[in-house]
$ cat input31.cif   # mmCIF, C-alpha atoms
data_data
loop_
_atom_site.label_atom_id
_atom_site.label_comp_id
_atom_site.auth_asym_id
_atom_site.auth_seq_id
_atom_site.Cartn_x
_atom_site.Cartn_y
_atom_site.Cartn_z
CA MET A 1 24.05 15.39 -7.29
CA ASN A 2 20.84 17.31 -7.95
CA CYS A 3 17.70 17.77 -5.84
CA GLU A 4 15.81 15.07 -7.75
CA ARG A 5 18.39 12.38 -6.93
CA ALA A 6 18.69 13.60 -3.34
CA ARG A 7 14.92 13.24 -2.97
CA GLU A 8 14.98 9.77 -4.54
CA LEU A 9 17.55 8.72 -1.96
CA LEU A 10 15.46 10.18 0.86
CA ASP A 11 12.47 8.27 -0.50
CA ARG A 12 14.37 5.02 -0.19
CA TRP A 13 16.27 5.86 2.96
CA PRO A 14 13.90 8.01 4.98
CA ALA A 15 15.97 7.47 8.10
CA GLY A 16 18.75 9.38 6.31
CA LEU A 17 21.33 6.58 6.29
CA ILE A 18 22.37 6.92 2.66
CA PRO A 19 24.50 4.01 1.28
CA ALA A 20 28.24 4.63 1.25
CA GLY A 21 28.45 4.88 -2.55
CA GLU A 22 26.39 8.07 -2.66
CA ALA A 23 26.66 9.36 0.89
CA GLU A 24 29.46 11.83 0.14
CA ALA A 25 27.76 13.36 -2.90
CA PHE A 26 24.50 13.49 -0.95
CA ASP A 27 26.15 15.32 1.96
CA GLN A 28 27.85 17.75 -0.42
CA HIS A 29 24.54 18.52 -2.11
CA LEU A 30 22.80 19.07 1.20
CA ALA A 31 25.55 21.39 2.40
CA GLY A 32 24.51 23.80 -0.33
CA CYS A 33 20.76 23.13 -0.54
CA ALA A 34 18.51 24.35 2.27
CA ALA A 35 15.37 22.75 0.76
CA CYS A 36 16.92 19.27 0.69
CA ARG A 37 18.30 19.77 4.21
CA GLU A 38 14.79 20.49 5.36
CA ASP A 39 13.49 17.42 3.51
CA ARG A 40 16.10 15.25 5.22
CA ALA A 41 15.27 16.69 8.61
CA ALA A 42 11.59 15.98 8.02
CA ALA A 43 12.22 12.43 6.78
CA THR A 44 14.52 11.53 9.67
CA ALA A 45 12.11 13.04 12.21
CA VAL A 46 9.15 11.06 10.91
CA ALA A 47 10.79 7.68 10.09
CA PRO A 48 11.09 6.38 13.70
CA ALA A 49 7.45 7.21 14.38
CA VAL A 50 6.37 5.39 11.21
CA ALA A 51 8.35 2.33 12.31
CA ALA A 52 6.50 2.41 15.65
CA LEU A 53 3.02 2.49 14.09
CA PRO A 54 0.99 -0.62 14.89
CA GLU A 55 0.11 -2.71 11.84
CA ARG A 56 -3.38 -3.48 13.16
CA ILE A 57 -5.97 -1.26 14.80
CA GLU A 58 -9.01 -3.18 15.90
CA PRO A 59 -12.33 -1.47 15.07
CA PRO A 60 -13.94 0.01 18.19
CA ARG A 61 -16.89 -2.39 17.77
CA ASP A 62 -17.43 -5.73 16.07
CA LEU A 63 -18.35 -4.97 12.46
CA TRP A 64 -18.95 -8.59 11.49
CA PRO A 65 -22.72 -8.61 12.26
CA ASP A 66 -23.19 -5.68 9.86
CA VAL A 67 -20.98 -7.27 7.21
CA ARG A 68 -22.86 -10.54 7.61
CA ARG A 69 -26.21 -8.80 7.24
CA ARG A 70 -25.02 -7.07 4.07
CA ILE A 71 -23.68 -10.16 2.41
CA GLY A 72 -26.90 -12.02 3.27
CA ARG A 73 -27.22 -15.70 2.63
CA PRO A 74 -24.18 -17.54 1.27
CA LEU A 75 -23.71 -16.71 -2.37
CA ARG A 76 -24.52 -19.34 -4.90
CA ARG A 77 -21.45 -19.10 -7.03
CA THR A 78 -22.03 -19.17 -10.76
CA PRO A 79 -21.49 -22.70 -12.17
CA ARG A 80 -18.18 -23.06 -13.94
CA TRP A 81 -19.69 -23.75 -17.39
CA ARG A 82 -21.70 -20.55 -17.06
CA THR A 83 -18.62 -18.58 -15.97
CA MET A 84 -16.83 -19.78 -19.08
CA GLY A 85 -19.77 -18.70 -21.22
CA LEU A 86 -19.79 -15.28 -19.60
CA ALA A 87 -16.02 -15.02 -20.04
CA ALA A 88 -16.38 -15.73 -23.73
CA ALA A 89 -19.09 -13.10 -24.01
CA ALA A 90 -16.94 -10.67 -22.05
CA ALA A 91 -14.00 -11.37 -24.37
CA ILE A 92 -16.13 -10.57 -27.41
CA ALA A 93 -17.34 -7.38 -25.75
CA LEU A 94 -13.76 -6.52 -24.82
CA VAL A 95 -12.53 -6.89 -28.39
CA ALA A 96 -15.46 -4.82 -29.63
CA GLY A 97 -14.84 -2.13 -27.07
CA SER A 98 -11.05 -2.12 -27.06
CA SER A 99 -10.64 0.46 -29.81
CA ALA A 100 -12.79 2.95 -27.95
CA VAL A 101 -10.95 2.26 -24.70
CA THR A 102 -7.55 2.59 -26.37
CA LEU A 103 -8.61 5.86 -27.92
CA HIS A 104 -9.86 7.09 -24.55
CA PHE A 105 -6.57 6.24 -22.84
CA ALA A 106 -4.49 7.57 -25.71
CA ARG A 107 -6.22 10.92 -25.46
CA GLY A 108 -5.83 11.01 -21.70
CA ARG A 109 -6.71 13.95 -19.52
CA PRO A 110 -4.34 16.73 -18.52
CA GLY A 111 -2.54 16.00 -15.27
CA VAL A 112 -4.27 12.68 -14.80
CA ALA A 113 -2.60 9.30 -15.09
CA THR A 114 -5.04 7.15 -17.01
CA ALA A 115 -3.33 4.10 -18.47
CA PRO A 116 -1.58 1.56 -16.26
CA ARG A 117 2.17 2.04 -16.45
CA ILE A 118 3.35 -1.30 -15.21
CA PRO A 119 6.80 -1.32 -16.87
CA ALA A 120 7.65 2.10 -15.42
CA ILE A 121 6.38 1.15 -11.97
CA GLU A 122 8.25 -2.16 -12.15
CA ALA A 123 11.42 -0.26 -13.04
CA GLY A 124 10.95 1.91 -9.96
CA TYR A 125 10.65 -1.13 -7.71
CA ALA A 126 13.60 -2.82 -9.44
CA SER A 127 15.77 0.22 -8.83
CA ALA A 128 14.71 0.44 -5.17
CA THR A 129 15.37 -3.28 -4.71
CA ALA A 130 18.81 -3.03 -6.30
CA ASP A 131 19.76 -0.13 -4.01
CA LEU A 132 18.56 -2.01 -0.95
CA LEU A 133 20.37 -5.21 -1.94
CA ARG A 134 23.61 -3.27 -2.42
CA ALA A 135 23.27 -1.66 0.99
CA LEU A 136 22.37 -4.98 2.58
CA ASP A 137 25.34 -6.74 1.00
CA ALA A 138 27.64 -4.11 2.50
CA GLN A 139 26.26 -4.84 5.97
CA ARG A 140 25.62 -8.56 5.59
CA SER A 141 28.29 -9.45 8.15
CA HIS A 142 26.23 -7.68 10.84
CA LEU A 143 23.43 -10.22 10.51
CA SER A 144 23.42 -13.66 12.12
CA PRO A 145 23.47 -16.74 9.83
CA ALA A 146 19.95 -17.62 10.99
CA THR A 147 18.66 -14.18 10.02
CA ILE A 148 20.36 -14.38 6.63
CA ALA A 149 18.89 -17.84 6.03
CA THR A 150 15.39 -16.60 6.91
CA LEU A 151 15.84 -13.56 4.72
CA GLU A 152 16.96 -15.68 1.78
CA ARG A 153 14.07 -18.10 2.19
CA ASN A 154 11.58 -15.22 2.26
CA LEU A 155 13.20 -13.57 -0.74
CA ALA A 156 12.99 -16.83 -2.67
CA VAL A 157 9.26 -17.13 -1.90
CA ILE A 158 8.61 -13.52 -2.94
CA ASP A 159 10.72 -13.86 -6.10
CA ALA A 160 8.78 -16.99 -7.03
CA ALA A 161 5.49 -15.14 -6.51
CA ILE A 162 6.73 -12.24 -8.64
CA ALA A 163 7.85 -14.62 -11.40
CA GLU A 164 4.49 -16.39 -11.29
CA SER A 165 2.58 -13.11 -11.52
CA ARG A 166 4.76 -11.92 -14.41
CA ALA A 167 4.20 -15.16 -16.29
CA ALA A 168 0.44 -14.98 -15.71
CA LEU A 169 0.41 -11.34 -16.80
CA ALA A 170 2.37 -12.21 -19.94
CA SER A 171 -0.41 -14.60 -20.94
CA ASP A 172 -3.16 -12.20 -19.84
CA PRO A 173 -1.82 -8.66 -20.42
CA GLY A 174 -3.79 -5.85 -18.88
CA ASN A 175 -5.40 -8.02 -16.20
CA ARG A 176 -5.71 -5.53 -13.33
CA ASP A 177 -5.81 -8.22 -10.64
CA LEU A 178 -2.59 -9.76 -11.92
CA GLU A 179 -0.96 -6.34 -12.18
CA ALA A 180 -1.94 -5.65 -8.59
CA LEU A 181 -0.48 -8.99 -7.47
CA LEU A 182 2.76 -8.33 -9.32
CA LEU A 183 3.17 -4.90 -7.73
CA ALA A 184 2.23 -6.28 -4.31
CA GLY A 185 5.08 -8.78 -4.71
CA TYR A 186 7.55 -5.99 -5.41
CA ARG A 187 6.22 -4.02 -2.46
CA GLN A 188 6.71 -7.00 -0.16
CA LYS A 189 10.25 -7.45 -1.43
CA VAL A 190 11.15 -3.81 -0.79
CA ALA A 191 9.57 -3.95 2.67
CA LEU A 192 11.49 -7.14 3.55
CA LEU A 193 14.79 -5.66 2.38
CA GLN A 194 14.14 -2.42 4.28
CA GLN A 195 13.43 -4.44 7.40
CA ALA A 196 16.62 -6.46 6.96
CA THR A 197 18.66 -3.31 6.37
CA ARG A 198 17.26 -1.75 9.55
CA LEU A 199 18.18 -4.92 11.45
CA ALA A 200 21.72 -4.81 10.09
CA GLU A 201 22.08 -1.14 10.99
CA ARG A 202 20.98 -1.80 14.57
CA SER A 203 23.34 -4.79 15.00
CA MET B 204 -5.05 -21.01 -1.46
CA THR B 205 -5.82 -21.85 2.16
CA ASP B 206 -8.72 -24.10 3.08
CA LEU B 207 -10.45 -21.14 4.75
CA VAL B 208 -10.25 -19.00 1.62
CA ALA B 209 -11.37 -21.91 -0.57
CA ARG B 210 -14.41 -22.49 1.65
CA ALA B 211 -15.29 -18.79 1.68
CA ARG B 212 -14.91 -18.75 -2.09
CA ASP B 213 -17.46 -21.57 -2.25
CA GLY B 214 -19.93 -19.44 -0.30
CA ASP B 215 -19.19 -20.55 3.29
CA GLU B 216 -20.16 -17.53 5.35
CA SER B 217 -18.64 -18.89 8.52
CA ALA B 218 -15.24 -19.30 6.83
CA PHE B 219 -15.51 -15.74 5.56
CA GLY B 220 -16.25 -14.65 9.15
CA ASP B 221 -12.95 -16.20 10.23
CA LEU B 222 -11.18 -14.33 7.44
CA TYR B 223 -12.88 -11.15 8.63
CA ARG B 224 -11.60 -11.66 12.18
CA THR B 225 -8.06 -12.33 10.93
CA HIS B 226 -7.83 -9.27 8.71
CA ALA B 227 -10.26 -6.66 10.11
CA GLY B 228 -7.62 -4.91 12.23
CA ARG B 229 -5.27 -4.41 9.31
CA VAL B 230 -8.04 -3.22 7.00
CA TYR B 231 -9.49 -0.87 9.61
CA ALA B 232 -6.03 0.61 10.30
CA LEU B 233 -5.59 1.33 6.60
CA CYS B 234 -9.06 2.90 6.26
CA LEU B 235 -8.63 4.98 9.42
CA ARG B 236 -5.24 6.32 8.39
CA LEU B 237 -6.40 7.16 4.89
CA GLU B 238 -9.67 8.80 5.97
CA ALA B 239 -8.90 10.16 9.47
CA ASP B 240 -12.52 9.55 10.42
CA ALA B 241 -13.35 6.67 12.74
CA ALA B 242 -17.01 6.39 11.71
CA ARG B 243 -16.13 6.50 8.02
CA ALA B 244 -13.35 3.96 8.57
CA GLU B 245 -15.93 1.57 10.06
CA GLU B 246 -18.20 2.01 7.02
CA LEU B 247 -15.30 1.53 4.63
CA THR B 248 -14.06 -1.56 6.47
CA GLN B 249 -17.52 -3.06 6.01
CA ASP B 250 -17.52 -2.04 2.34
CA VAL B 251 -14.13 -3.70 1.84
CA PHE B 252 -15.35 -7.03 3.24
CA VAL B 253 -18.63 -6.89 1.34
CA ARG B 254 -16.69 -6.17 -1.87
CA ALA B 255 -14.23 -8.97 -1.02
CA TRP B 256 -17.15 -11.38 -0.59
CA GLU B 257 -18.59 -10.35 -3.95
CA ARG B 258 -15.22 -10.66 -5.69
CA LEU B 259 -13.84 -13.75 -4.00
CA GLY B 260 -14.64 -15.70 -7.15
CA SER B 261 -11.93 -13.71 -8.96
CA PHE B 262 -9.30 -14.46 -6.31
CA ARG B 263 -7.11 -17.09 -7.90
CA GLY B 264 -4.72 -17.66 -5.04
CA GLU B 265 -1.59 -16.38 -6.82
CA SER B 266 -0.84 -14.26 -3.76
CA ALA B 267 -1.72 -14.40 -0.11
CA PHE B 268 -5.35 -13.55 0.56
CA GLY B 269 -4.21 -10.66 2.77
CA THR B 270 -2.23 -9.09 -0.06
CA TRP B 271 -5.26 -9.26 -2.33
CA LEU B 272 -7.56 -7.91 0.37
CA TYR B 273 -5.37 -4.91 1.33
CA ARG B 274 -5.03 -3.91 -2.29
CA LEU B 275 -8.80 -4.13 -2.61
CA ALA B 276 -9.11 -1.96 0.51
CA VAL B 277 -6.90 0.75 -1.02
CA ASN B 278 -9.06 0.71 -4.15
CA VAL B 279 -12.29 0.90 -2.15
CA VAL B 280 -11.06 3.85 -0.07
CA LEU B 281 -9.66 5.76 -3.03
CA SER B 282 -12.81 5.14 -5.12
CA ASP B 283 -14.92 6.37 -2.24
CA ARG B 284 -12.68 9.39 -1.88
CA ARG B 285 -13.10 10.29 -5.53
CA ALA B 286 -16.87 10.08 -5.06
CA ALA B 287 -16.68 12.05 -1.84
CA TRP B 288 -14.80 14.88 -3.51
CA ARG B 289 -17.85 15.30 -5.67
CA ARG B 290 -20.00 15.56 -2.55
CA ALA B 291 -19.57 17.83 0.42
CA ARG B 292 -16.35 17.30 2.32
CA ARG B 293 -16.76 15.41 5.55
CA VAL B 294 -15.34 16.86 8.74
CA PHE B 295 -12.53 14.67 10.01
CA THR B 296 -12.05 13.97 13.65
CA ALA B 297 -8.43 14.58 14.50
CA GLU B 298 -9.36 14.08 18.15
CA ASP B 299 -10.94 10.68 17.56
CA PRO B 300 -10.86 9.02 21.01
CA SER B 301 -10.09 5.59 19.56
CA VAL B 302 -6.73 7.01 18.51
CA HIS B 303 -5.81 7.14 22.19
CA GLU B 304 -6.58 3.46 22.68
CA ARG B 305 -5.10 1.87 19.64
CA ALA B 306 -1.36 2.11 20.23
CA ARG B 307 -1.29 2.02 23.99
CA ASP B 308 0.37 -1.33 24.38
CA THR B 309 2.89 -1.19 21.58
CA ALA B 310 6.54 -0.27 21.66
CA GLY B 311 7.12 3.39 20.89
CA ALA B 312 3.45 3.98 21.65
CA GLY B 313 3.81 7.66 22.44
CA LEU B 314 5.62 8.42 19.24
CA ALA B 315 3.16 6.35 17.21
CA LEU B 316 0.21 8.04 18.88
CA ASP B 317 1.58 11.49 18.10
CA LEU B 318 2.11 10.44 14.51
CA GLU B 319 -1.41 8.99 14.18
CA GLN B 320 -2.87 12.30 15.30
CA ALA B 321 -0.54 14.26 13.04
CA ILE B 322 -1.43 12.06 10.06
CA ALA B 323 -5.13 12.63 10.77
CA ALA B 324 -4.60 16.38 10.62
CA LEU B 325 -2.84 16.33 7.21
CA PRO B 326 -4.67 17.64 4.14
CA PRO B 327 -6.48 14.64 2.52
CA GLY B 328 -4.30 14.37 -0.60
CA ALA B 329 -1.00 14.59 1.26
CA ARG B 330 -2.31 12.20 3.90
CA ALA B 331 -3.21 9.49 1.38
CA ILE B 332 0.14 9.77 -0.36
CA PHE B 333 2.07 9.66 2.92
CA VAL B 334 0.12 6.63 4.17
CA LEU B 335 0.47 4.76 0.89
CA HIS B 336 4.19 5.56 0.48
CA ASP B 337 5.74 5.69 3.94
CA VAL B 338 3.38 3.38 5.84
CA GLU B 339 2.16 0.91 3.20
CA GLY B 340 5.26 0.88 0.98
CA TYR B 341 3.76 1.87 -2.38
CA GLN B 342 6.06 3.56 -4.95
CA HIS B 343 5.24 6.93 -6.50
CA GLY B 344 4.42 5.50 -9.91
CA GLU B 345 1.82 3.17 -8.44
CA ILE B 346 0.36 5.88 -6.19
CA ALA B 347 0.05 8.16 -9.20
CA THR B 348 -1.91 5.52 -11.09
CA LEU B 349 -4.13 4.67 -8.13
CA MET B 350 -4.93 8.27 -7.28
CA GLY B 351 -5.08 9.67 -10.79
CA VAL B 352 -2.36 12.27 -10.19
CA ALA B 353 0.99 12.94 -11.83
CA GLU B 354 4.00 11.12 -10.35
CA GLY B 355 5.64 14.46 -9.60
CA THR B 356 2.59 15.45 -7.57
CA SER B 357 2.95 12.31 -5.49
CA LYS B 358 6.60 13.13 -4.77
CA THR B 359 5.89 16.76 -3.93
CA GLN B 360 2.98 15.88 -1.67
CA LEU B 361 5.03 13.26 0.18
CA PHE B 362 7.72 15.77 1.12
CA ARG B 363 5.06 18.31 2.02
CA ALA B 364 3.40 15.74 4.28
CA ARG B 365 6.69 14.85 5.97
CA ARG B 366 7.44 18.52 6.66
CA LEU B 367 3.99 19.06 8.15
CA LEU B 368 4.34 15.92 10.27
CA ARG B 369 7.73 16.98 11.54
CA GLN B 370 6.29 20.33 12.61
CA ALA B 371 3.43 18.55 14.37
CA LEU B 372 5.74 16.07 16.14
CA GLU B 373 8.08 18.81 17.35
CA ARG B 374 5.26 20.97 18.74
#
$ encode --input "input31.cif" --output "structure tokens"
Amino acid sequence: MNCERARELLDRWPAGLIPAGEAEAFDQHLAGCAACREDRAAATAVAPAVAALPERIEPPRDLWPDVRRRIGRPLRRTPRWRTMGLAAAAAIALVAGSSAVTLHFARGRPGVATAPRIPAIEAGYASATADLLRALDAQRSHLSPATIATLERNLAVIDAAIAESRAALASDPGNRDLEALLLAGYRQKVALLQQATRLAERS
Amino acid sequence: MTDLVARARDGDESAFGDLYRTHAGRVYALCLRLEADAARAEELTQDVFVRAWERLGSFRGESAFGTWLYRLAVNVVLSDRRAAWRRARRVFTAEDPSVHERARDTAGAGLALDLEQAIAALPPGARAIFVLHDVEGYQHGEIATLMGVAEGTSKTQLFRARRLLRQALER
């Protein structure tokens, strides 16, 4: 195992509980690598504190009056027929401008990620999900049937949302909102599996 | 799409107020952790909801409203940060008194409180990457795209952040 793989594993398993399949190679690598030992020590020191962070922090004062003042009177949404007209105009502008945009992205800027890299990002989530599912399968017997049923229901909902986003993106490639929804689905799946794995480890 | 979101989408300010009350805590937490500045986090939280109001028409209901909103919040904060880097750097308040209130009643409150303060003291770039990766669950490829950095930079900064946080927690 090299440092890159060791760091990938620490990314996925910040608490340091590496799945059995790679635990031995991971330990062997760390025995001879002070930098990775330090990374593991840092990850395992921080992970419990991250788990204890509250999800919500209420603002110290009510911000709604300011938000309400800024949004003013209720918006009059653009009538649908007009939206469609604008969309058509936007599509024409998009086609006209696409060559320039493509050229801009193709040139890129040194050290700066410019174009969306959805397939690569999806692959990263897919790999993380596969690792987590393997680890969870190995510890499945530690979870109660009710927990497993809940987990499976939630996974089914998330998978359906991911499939829906992928289908929508296939018919509207490059739509940033759809890309964001797709990646949010993957993120939720990884978070759910991490939570389930932590539950299984504690049981 | 829930009835509340549909009504807000149709311009119902009161429905949007209910959405604000449901999600403000989560959005403020994200802004505060990314910016480490309570006053700025308040401004950004307002910006997020104003932007959400303006863009609600583009929300198609393929995901939960919260998912859409938190993603929008990340974009608002990171866009603001890019603009801020072009202006003078703001002084962050690692000793923000609200930090002492926020986690008081939660399990592991002491540990969480120490971590909140340690996160606030991280360098801005490392802080954003740590919050997005370890707290919010983003992957390096996505962080790289959002922040306009190389993926390797995201990885390096994450481990740097964790080392700095460990030192702070063990002090």
$ atom_distance --input "input31.cif" --atom1 "CA of Val208 in chain B" --atom2 "CA of Pro60 in chain A"
25.5 Å
$ resolve_selection --input "input31.cif" --expression "the PyMOL selection byres ((chain B and resi 347) around 12)" --output "VMD selection string"
(chain A and resid 111 to 118 120 to 121) or (chain B and resid 281 328 331 to 332 335 to 336 341 to 346 348 to 361)
$ closest_residue --input "input31.cif" --among "A:Ala135, A:Leu143, A:Met1, A:Ala191" --to "chain B" --atoms "only C-alpha atoms"
A:Ala191
$ closest_residue --input "input31.cif" --among "B:Asp215, B:Ala227, B:Glu265, B:Leu237" --to "Val338 in chain B" --atoms "all atoms listed in the file"
B:Leu237
$ atom_distance --input "input31.cif" --atom1 "CA of Ala23 in chain A" --atom2 "CA of Arg7 in chain A"
13.0 Å
$ decode --input "input31.cif" --residues "range 21-56 of chain A" --atoms "C-alpha atoms" --output "CSV table (one decimal), in the first residue's frame"
chain,number,residue,atom,x,y,z
A,21,GLY,CA,-9.8,-6.5,3.6
A,22,GLU,CA,-7.3,-3.7,3.7
A,23,ALA,CA,-6.6,-3.4,7.4
A,24,GLU,CA,-3.5,-5.5,7.4
A,25,ALA,CA,-1.8,-3.7,4.5
A,26,PHE,CA,-2.8,-0.4,6.0
A,27,ASP,CA,-1.2,-1.3,9.3
A,28,GLN,CA,1.9,-2.5,7.6
A,29,HIS,CA,2.2,0.8,5.6
A,30,LEU,CA,1.7,2.9,8.7
A,31,ALA,CA,4.3,0.9,10.6
A,32,GLY,CA,6.9,2.3,8.2
A,33,CYS,CA,5.4,5.7,7.4
A,34,ALA,CA,5.5,8.4,10.0
A,35,ALA,CA,3.5,10.9,7.9
A,36,CYS,CA,0.6,8.5,7.5
A,37,ARG,CA,0.8,7.6,11.2
A,38,GLU,CA,0.4,11.3,12.0
A,39,ASP,CA,-2.5,11.6,9.6
A,40,ARG,CA,-4.3,8.7,11.2
A,41,ALA,CA,-3.7,10.1,14.7
A,42,ALA,CA,-5.1,13.5,13.5
A,43,ALA,CA,-8.2,11.8,11.8
A,44,THR,CA,-9.0,9.6,14.8
A,45,ALA,CA,-8.6,12.5,17.2
A,46,VAL,CA,-10.9,14.8,15.3
A,47,ALA,CA,-13.6,12.3,14.2
A,48,PRO,CA,-15.4,12.0,17.6
A,49,ALA,CA,-15.6,15.7,17.9
A,50,VAL,CA,-17.1,16.0,14.4
A,51,ALA,CA,-19.7,13.5,15.2
A,52,ALA,CA,-20.7,15.5,18.3
A,53,LEU,CA,-21.1,18.8,16.3
A,54,PRO,CA,-24.7,20.0,16.4
A,55,GLU,CA,-26.4,20.1,12.9
A,56,ARG,CA,-28.2,23.3,13.7
